[in-house]
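Trainee: Encoded as structure tokens, here's the structure I'll be asking about.
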Amino acid sequence: MTGRGKQKIRVSRPAGKRAELPAQVEAGRYFDVRPALLGPRLEGLHALTKPGVRGFPEVDAAQALLAQTMRKDRVGGEVLDLTAMGGLLASLPGVTLRAVEGSAAALRVLKAAGLATVAAVPGDDLRERWPERARTVALVLAGDRGNAYALAQVAWAHACTPPGGTLYLAGDRDKGFDRYVRAAGNAFGTGETIARDGGMRVAKLVRRPGPTPAYPGPEGYEAFGVKVVGLPGVFSATRPDKATTLLLGTLDDLDLTGKRVLDLGTGTGLIGAWAAQRGAQVTLVDGDLQSVRSARATLAANDLPGEVLHSDVDAALGERTFDVILTNPPFHVGRGVVLDVAREFIAAAARRLNPGGTLYLVANEPLPYETPLRSLGPVRELRREGGFKVLAATRAG
């Protein structure tokens, strides 16, 4: 799971265009790739999308402004897009896109679009795939994932841009964009904000020769007897979140010896490592590549066995089934409160639980998970505290 900023939860959709979009609520359509809905300012361009991709069912607002700006600048040739999402920049006239993503959902979309794609996160060396660096680089800052991750993105963009090359940097004013542009300017040597639309911004920077800024290192803490390795941008990278704390505290007496356990949406790997310490055979999955690496580091730090998979919900699980599924499902994709992914977590549990197996889920009190959980069996509320609830549902034997 990726980092989540504080945000009021509104589970009802506003009146108007978004409330009328059946693609957001149709059951069984989670894995369908479809054209993104584009506004009039993006006329002539196209992108694909699916639930779990930032901006779905449209495109991310910062990326939309980025595409408009680059089209106005008549950017062409090889463009390295470090946050490719649904591949919008590939439709710019004359652009050949090198698409980079850490989201399993977005990677599914980019593959469907037939784009040259690499799964990577800030700090990865892309020269093995593309030995010669592109003269133009594009990046949407994920300020919602925290300061350390955004600064890692800036350093990565610097490393990927050759001297004399150009970086187009997009982001949200309310998520620290001006601060990160100043950091980028210090590294690149020149640049300015050239486009504004509401809270969205785009800056253009030209790189001078010089060293790449240092990448922020991982955070570490201990909780429930687990040494946690939290990489920048991963949910609860610096301390255990209240919901997971409530879940594990509630399940303190749960016997997992010899059980096959799935940690669905693992984040730092705390839940899966906790289960492994209790004798479970664990599989940890997350759609965010940075989270997958964090979880692997957590298992290694505790000398615990287990497999960690980069997966769009359960897509990478093959024929695996489980006795117990544990999850603190995400309800954010980017800035928005979006429940499509969490609902698919519950649908995945229905596919993956062995008869008699149980899903344990923790969520914010207002989130309406009880109804979809009844597809598994009777729903039990095990605990309600501090604005969160722990729910359980057991598949019929």
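FYI, nothing fancy with the structure tokens labels: chains A, B, ... in order, residues from 1 per chain, ligands from 1 as they appear.
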For Ala112 of chain A, find every residue with an atom within 9 Å (counting only C-alpha atoms), except residues of its own chain fewer than 3 positions away, and show them as a PyMOL selection string.

Mentor: chain A and resi 33+48+107-109+115

Trainee: Pull C-alpha atoms from the residues just selected and write them as a PDB file, in the first residue's frame.

Mentor:
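Final file, out-v4.pdb:
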ATOM      1  CA  VAL A  33      -8.816  -2.007 -19.404  1.00  0.00           C
ATOM      2  CA  LEU A  48      -6.120   3.734 -21.288  1.00  0.00           C
ATOM      3  CA  LEU A 107       1.579  -1.689 -15.792  1.00  0.00           C
ATOM      4  CA  ARG A 108      -1.383  -3.821 -16.908  1.00  0.00           C
ATOM      5  CA  VAL A 109      -2.773  -0.815 -18.773  1.00  0.00           C
ATOM      6  CA  LEU A 115       4.129   0.576 -24.951  1.00  0.00           C
TER       7      LEU A 115
END

Trainee: Which of these residues is nearest to Phe235 of chain A, using only C-alpha atoms: A:Gly165, A:Gly306, A:Pro330, A:Gly279?

Mentor: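 Of all the options, A:Pro330 lies closest to Phe235 of chain A.
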
Trainee: Residues within 12 Å of Pro368 of chain A, please, as a VMD selection string. Count only C-alpha atoms; anything in the same chain fewer than 2 positions from it doesn't count.

Mentor: chain A and resid 9 to 12 331 339 to 340 342 to 343 346 362 to 366 370 to 374 389 391

Trainee: Write out as a list in words all residues of segment 280-345 of chain A that backbone DSSP assigns to alpha helix (DSSP H).

Mentor: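 The alpha helix (DSSP H) subset of segment 280-345 of chain A is Leu289, Gln290, Ser291, Val292, Arg293, Ser294, Ala295, Arg296, Ala297, Thr298, Leu299, Ala300, Ala301, Asp340, Val341, Ala342, Arg343, Glu344 and Phe345 of chain A.
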
Trainee: Which is closer to Glu344 of chain A than all the others in A:Asp323, A:Asp178, A:Glu307, A:Asp314, using only C-alpha atoms?

Mentor: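 Of the candidates, the smallest distance to Glu344 of chain A is held by A:Asp314.
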
Trainee: Name the residues in contact with Thr96 of chain A at a cut-off of 8 Å, using only C-alpha atoms, excluding same-chain residues fewer than 5 positions from it; report them as a list of chain:residue names.

Mentor: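 Here the answer would be A:Gly76, A:Gly77, A:Glu78, A:Val79, A:Ala90.
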
Trainee: If you keep N, CA and C atoms, can you produce a file of those selected residues as a PDB file, in the first residue's frame?

Mentor:
ATOM      1  N   GLY A  76       8.787  16.478 -28.947  1.00  0.00           N
ATOM      2  CA  GLY A  76       8.771  15.291 -29.779  1.00  0.00           C
ATOM      3  C   GLY A  76       9.981  14.422 -29.494  1.00  0.00           C
ATOM      4  N   GLY A  77      10.074  13.303 -30.194  1.00  0.00           N
ATOM      5  CA  GLY A  77      11.191  12.386 -30.019  1.00  0.00           C
ATOM      6  C   GLY A  77      11.014  11.479 -28.823  1.00  0.00           C
ATOM      7  N   GLU A  78      12.137  10.949 -28.330  1.00  0.00           N
ATOM      8  CA  GLU A  78      12.110  10.029 -27.193  1.00  0.00           C
ATOM      9  C   GLU A  78      11.808  10.799 -25.902  1.00  0.00           C
ATOM     10  N   VAL A  79      10.790  10.347 -25.192  1.00  0.00           N
ATOM     11  CA  VAL A  79      10.427  10.940 -23.909  1.00  0.00           C
ATOM     12  C   VAL A  79      10.386   9.830 -22.868  1.00  0.00           C
ATOM     13  N   ALA A  90       2.135   9.206 -24.525  1.00  0.00           N
ATOM     14  CA  ALA A  90       2.452   8.473 -25.756  1.00  0.00           C
ATOM     15  C   ALA A  90       1.622   8.966 -26.930  1.00  0.00           C
TER      16      ALA A  90
END

Trainee: In Å, with one decimal, what is the gap from atom CA of Pro305 of chain A to atom CA of Thr321 of chain A?

Mentor: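 These atoms are spaced 17.8 Å apart.
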
Trainee: Just list as a compact mmCIF listing (two decimals) with N, CA and C atoms, in the first residue's frame whatever in segment 250-335 of chain A DSSP marks as strand (DSSP E or B).

Mentor:
# COMPACT_ATOMS: atom_id res chain seq x y z
N ARG A 260 -2.06 -21.41 5.77
CA ARG A 260 -1.67 -20.64 4.60
C ARG A 260 -2.35 -19.27 4.71
N VAL A 261 -1.54 -18.23 4.82
CA VAL A 261 -2.06 -16.88 5.11
C VAL A 261 -1.65 -15.92 4.01
N LEU A 262 -2.61 -15.13 3.55
CA LEU A 262 -2.37 -14.08 2.57
C LEU A 262 -2.49 -12.72 3.24
N ASP A 263 -1.43 -11.91 3.12
CA ASP A 263 -1.46 -10.51 3.53
C ASP A 263 -1.74 -9.70 2.27
N LEU A 264 -2.97 -9.24 2.11
CA LEU A 264 -3.43 -8.61 0.89
C LEU A 264 -3.31 -7.09 1.02
N GLN A 281 2.40 -20.03 6.91
CA GLN A 281 3.05 -19.99 5.60
C GLN A 281 2.49 -18.78 4.87
N VAL A 282 3.29 -17.74 4.71
CA VAL A 282 2.74 -16.46 4.30
C VAL A 282 3.05 -16.10 2.85
N THR A 283 2.08 -15.47 2.23
CA THR A 283 2.24 -14.81 0.94
C THR A 283 1.79 -13.37 1.12
N LEU A 284 2.63 -12.44 0.69
CA LEU A 284 2.34 -11.02 0.81
C LEU A 284 2.24 -10.44 -0.58
N VAL A 285 1.20 -9.65 -0.86
CA VAL A 285 1.05 -9.04 -2.17
C VAL A 285 0.75 -7.56 -2.03
N ASP A 286 1.19 -6.79 -3.02
CA ASP A 286 0.86 -5.37 -3.08
C ASP A 286 0.96 -4.92 -4.52
N ASP A 288 1.85 -1.95 -5.39
CA ASP A 288 2.87 -0.91 -5.45
C ASP A 288 4.25 -1.54 -5.30
N GLU A 307 6.79 -15.43 0.63
CA GLU A 307 6.92 -14.86 -0.72
C GLU A 307 6.18 -13.54 -0.77
N VAL A 308 6.76 -12.60 -1.52
CA VAL A 308 6.17 -11.27 -1.69
C VAL A 308 6.02 -11.03 -3.18
N LEU A 309 4.80 -10.75 -3.62
CA LEU A 309 4.50 -10.62 -5.04
C LEU A 309 3.99 -9.23 -5.38
N HIS A 310 4.45 -8.74 -6.51
CA HIS A 310 3.92 -7.48 -7.06
C HIS A 310 2.69 -7.85 -7.87
N PHE A 322 -5.99 -19.93 0.27
CA PHE A 322 -5.52 -19.62 1.62
C PHE A 322 -6.56 -19.99 2.67
N ASP A 323 -6.05 -20.24 3.87
CA ASP A 323 -6.90 -20.52 5.02
C ASP A 323 -7.33 -19.23 5.71
N VAL A 324 -6.47 -18.22 5.66
CA VAL A 324 -6.73 -16.94 6.31
C VAL A 324 -6.24 -15.83 5.39
N ILE A 325 -7.04 -14.78 5.26
CA ILE A 325 -6.63 -13.57 4.56
C ILE A 325 -6.73 -12.40 5.53
N LEU A 326 -5.66 -11.63 5.63
CA LEU A 326 -5.59 -10.47 6.52
C LEU A 326 -5.41 -9.22 5.66
N THR A 327 -6.18 -8.17 5.93
CA THR A 327 -6.03 -6.99 5.10
C THR A 327 -6.48 -5.71 5.80
N HIS A 332 -7.51 4.94 -0.95
CA HIS A 332 -7.03 6.08 -1.73
C HIS A 332 -6.32 5.57 -2.97
N VAL A 333 -6.55 6.22 -4.10
CA VAL A 333 -5.70 6.08 -5.28
C VAL A 333 -5.33 7.51 -5.65

Trainee: Show which residues sit within 8 Å of Leu110 of chain A, as a list in words. Count only C-alpha atoms, and ignore same-chain residues fewer than 6 positions away.

Mentor: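 So the residues in contact are Leu48, Met85, Gly86, Gly87, Ala99 and Thr117 of chain A.
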
Trainee: What's the 9 Å shell around Met200 of chain A, counting only C-alpha atoms, without same-chain residues fewer than 5 positions away, as a list in words?

Mentor: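 Using only C-alpha atoms, the neighbours found are Ala61, Ala62, Leu65, Ala170, Gly171, Asp172, Arg173, Asp174, Phe177 and Ala195 of chain A.
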
Trainee: Can you pull out every residue within 7 Å of Ala120 of chain A, counting only C-alpha atoms, but drop anything in the same chain fewer than 3 positions away, and send it as a PyMOL selection string?

Mentor: chain A and resi 100-102+124

Trainee: Give me the residues of segment 195-271 of chain A that have any atom at most 9 Å from an atom of segment 136-160 of chain A; for each, the nearest atom pair and the distance in Å, rounded to one decimal. Use only C-alpha atoms, sort by chain and number, and format it as a Markdown table.

Mentor:
| residue | atom | partner | partner_atom | distance |
| --- | --- | --- | --- | --- |
| A:Val202 | CA | A:Val140 | CA | 8.9 |
| A:Arg207 | CA | A:His158 | CA | 7.5 |
| A:Pro211 | CA | A:Ala159 | CA | 8.5 |
| A:Thr212 | CA | A:Ala159 | CA | 5.8 |
| A:Pro213 | CA | A:Ala155 | CA | 5.3 |
| A:Ala214 | CA | A:Ala155 | CA | 6.8 |
| A:Tyr215 | CA | A:Ala152 | CA | 5.3 |
| A:Pro216 | CA | A:Ala148 | CA | 5.9 |
| A:Gly217 | CA | A:Ala148 | CA | 8.4 |
| A:Leu231 | CA | A:Tyr149 | CA | 8.5 |
| A:Pro232 | CA | A:Tyr149 | CA | 4.8 |
| A:Gly233 | CA | A:Arg145 | CA | 4.7 |
| A:Val234 | CA | A:Arg145 | CA | 7.3 |
| A:Phe235 | CA | A:Arg145 | CA | 8.0 |

Trainee: Keeping only all heavy atoms, write the selected residues as a short mmCIF file (atom, residue, chain, number, x, y, z; two decimals), in the first residue's frame.

Mentor:
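Result written to part_31.cif:
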data_model
loop_
_atom_site.label_atom_id
_atom_site.label_comp_id
_atom_site.auth_asym_id
_atom_site.auth_seq_id
_atom_site.Cartn_x
_atom_site.Cartn_y
_atom_site.Cartn_z
N VAL A 202 2.98 22.88 -13.59
CA VAL A 202 4.03 22.23 -14.38
C VAL A 202 5.24 23.15 -14.40
O VAL A 202 5.10 24.35 -14.69
CB VAL A 202 3.58 21.92 -15.82
CG1 VAL A 202 4.76 21.38 -16.64
CG2 VAL A 202 2.44 20.91 -15.83
N ARG A 207 18.84 20.58 -17.17
CA ARG A 207 19.87 20.09 -16.25
C ARG A 207 21.26 20.58 -16.62
O ARG A 207 21.70 20.46 -17.77
CB ARG A 207 19.88 18.56 -16.22
CG ARG A 207 20.86 18.06 -15.16
CD ARG A 207 21.06 16.58 -15.14
NE ARG A 207 22.32 16.28 -14.46
CZ ARG A 207 22.81 15.08 -14.26
NH1 ARG A 207 22.16 14.02 -14.68
NH2 ARG A 207 23.95 14.92 -13.63
N PRO A 211 26.31 16.65 -9.49
CA PRO A 211 25.93 15.40 -8.81
C PRO A 211 24.43 15.31 -8.56
O PRO A 211 23.76 16.32 -8.35
CB PRO A 211 26.70 15.49 -7.49
CG PRO A 211 26.86 16.97 -7.25
CD PRO A 211 27.04 17.57 -8.60
N THR A 212 23.95 14.09 -8.59
CA THR A 212 22.55 13.83 -8.26
C THR A 212 22.34 13.90 -6.75
O THR A 212 23.18 13.38 -6.00
CB THR A 212 22.13 12.44 -8.78
OG1 THR A 212 22.14 12.47 -10.22
CG2 THR A 212 20.76 12.04 -8.29
N PRO A 213 21.28 14.54 -6.29
CA PRO A 213 21.02 14.58 -4.84
C PRO A 213 20.90 13.17 -4.26
O PRO A 213 20.53 12.22 -4.95
CB PRO A 213 19.68 15.32 -4.75
CG PRO A 213 19.56 16.09 -6.02
CD PRO A 213 20.26 15.28 -7.06
N ALA A 214 21.23 13.05 -2.98
CA ALA A 214 21.14 11.75 -2.30
C ALA A 214 19.68 11.31 -2.19
O ALA A 214 18.77 12.13 -2.02
CB ALA A 214 21.77 11.85 -0.92
N TYR A 215 19.47 10.01 -2.28
CA TYR A 215 18.13 9.45 -2.09
C TYR A 215 17.84 9.28 -0.61
O TYR A 215 18.71 8.81 0.14
CB TYR A 215 18.01 8.09 -2.77
CG TYR A 215 18.04 8.15 -4.28
CD1 TYR A 215 19.23 7.96 -4.97
CD2 TYR A 215 16.89 8.40 -5.01
CE1 TYR A 215 19.27 8.02 -6.36
CE2 TYR A 215 16.91 8.45 -6.39
CZ TYR A 215 18.11 8.26 -7.06
OH TYR A 215 18.14 8.32 -8.44
N PRO A 216 16.65 9.64 -0.15
CA PRO A 216 16.31 9.38 1.26
C PRO A 216 16.38 7.89 1.57
O PRO A 216 16.00 7.05 0.73
CB PRO A 216 14.87 9.90 1.38
CG PRO A 216 14.71 10.85 0.24
CD PRO A 216 15.56 10.31 -0.87
N GLY A 217 16.85 7.55 2.74
CA GLY A 217 16.96 6.15 3.13
C GLY A 217 15.69 5.62 3.76
O GLY A 217 14.74 6.35 4.01
N LEU A 231 10.26 1.82 3.38
CA LEU A 231 10.86 2.62 2.32
C LEU A 231 10.03 3.88 2.08
O LEU A 231 8.83 3.91 2.35
CB LEU A 231 10.95 1.80 1.03
CG LEU A 231 11.84 0.55 1.08
CD1 LEU A 231 11.83 -0.15 -0.28
CD2 LEU A 231 13.26 0.91 1.47
N PRO A 232 10.65 4.95 1.56
CA PRO A 232 9.91 6.19 1.31
C PRO A 232 8.67 5.96 0.45
O PRO A 232 8.71 5.23 -0.54
CB PRO A 232 10.94 7.06 0.56
CG PRO A 232 12.26 6.58 1.04
CD PRO A 232 12.09 5.09 1.22
N GLY A 233 7.57 6.57 0.87
CA GLY A 233 6.34 6.50 0.11
C GLY A 233 5.44 5.33 0.45
O GLY A 233 4.30 5.27 -0.03
N VAL A 234 5.89 4.40 1.27
CA VAL A 234 5.09 3.24 1.62
C VAL A 234 4.22 3.58 2.82
O VAL A 234 4.65 4.27 3.75
CB VAL A 234 5.98 2.01 1.92
CG1 VAL A 234 5.15 0.82 2.38
CG2 VAL A 234 6.79 1.65 0.68
N PHE A 235 2.99 3.12 2.80
CA PHE A 235 2.05 3.40 3.88
C PHE A 235 2.61 2.92 5.22
O PHE A 235 3.09 1.79 5.34
CB PHE A 235 0.72 2.70 3.59
CG PHE A 235 -0.33 2.89 4.65
CD1 PHE A 235 -0.75 4.15 5.02
CD2 PHE A 235 -0.90 1.79 5.27
CE1 PHE A 235 -1.71 4.32 5.99
CE2 PHE A 235 -1.87 1.95 6.24
CZ PHE A 235 -2.28 3.22 6.60
#
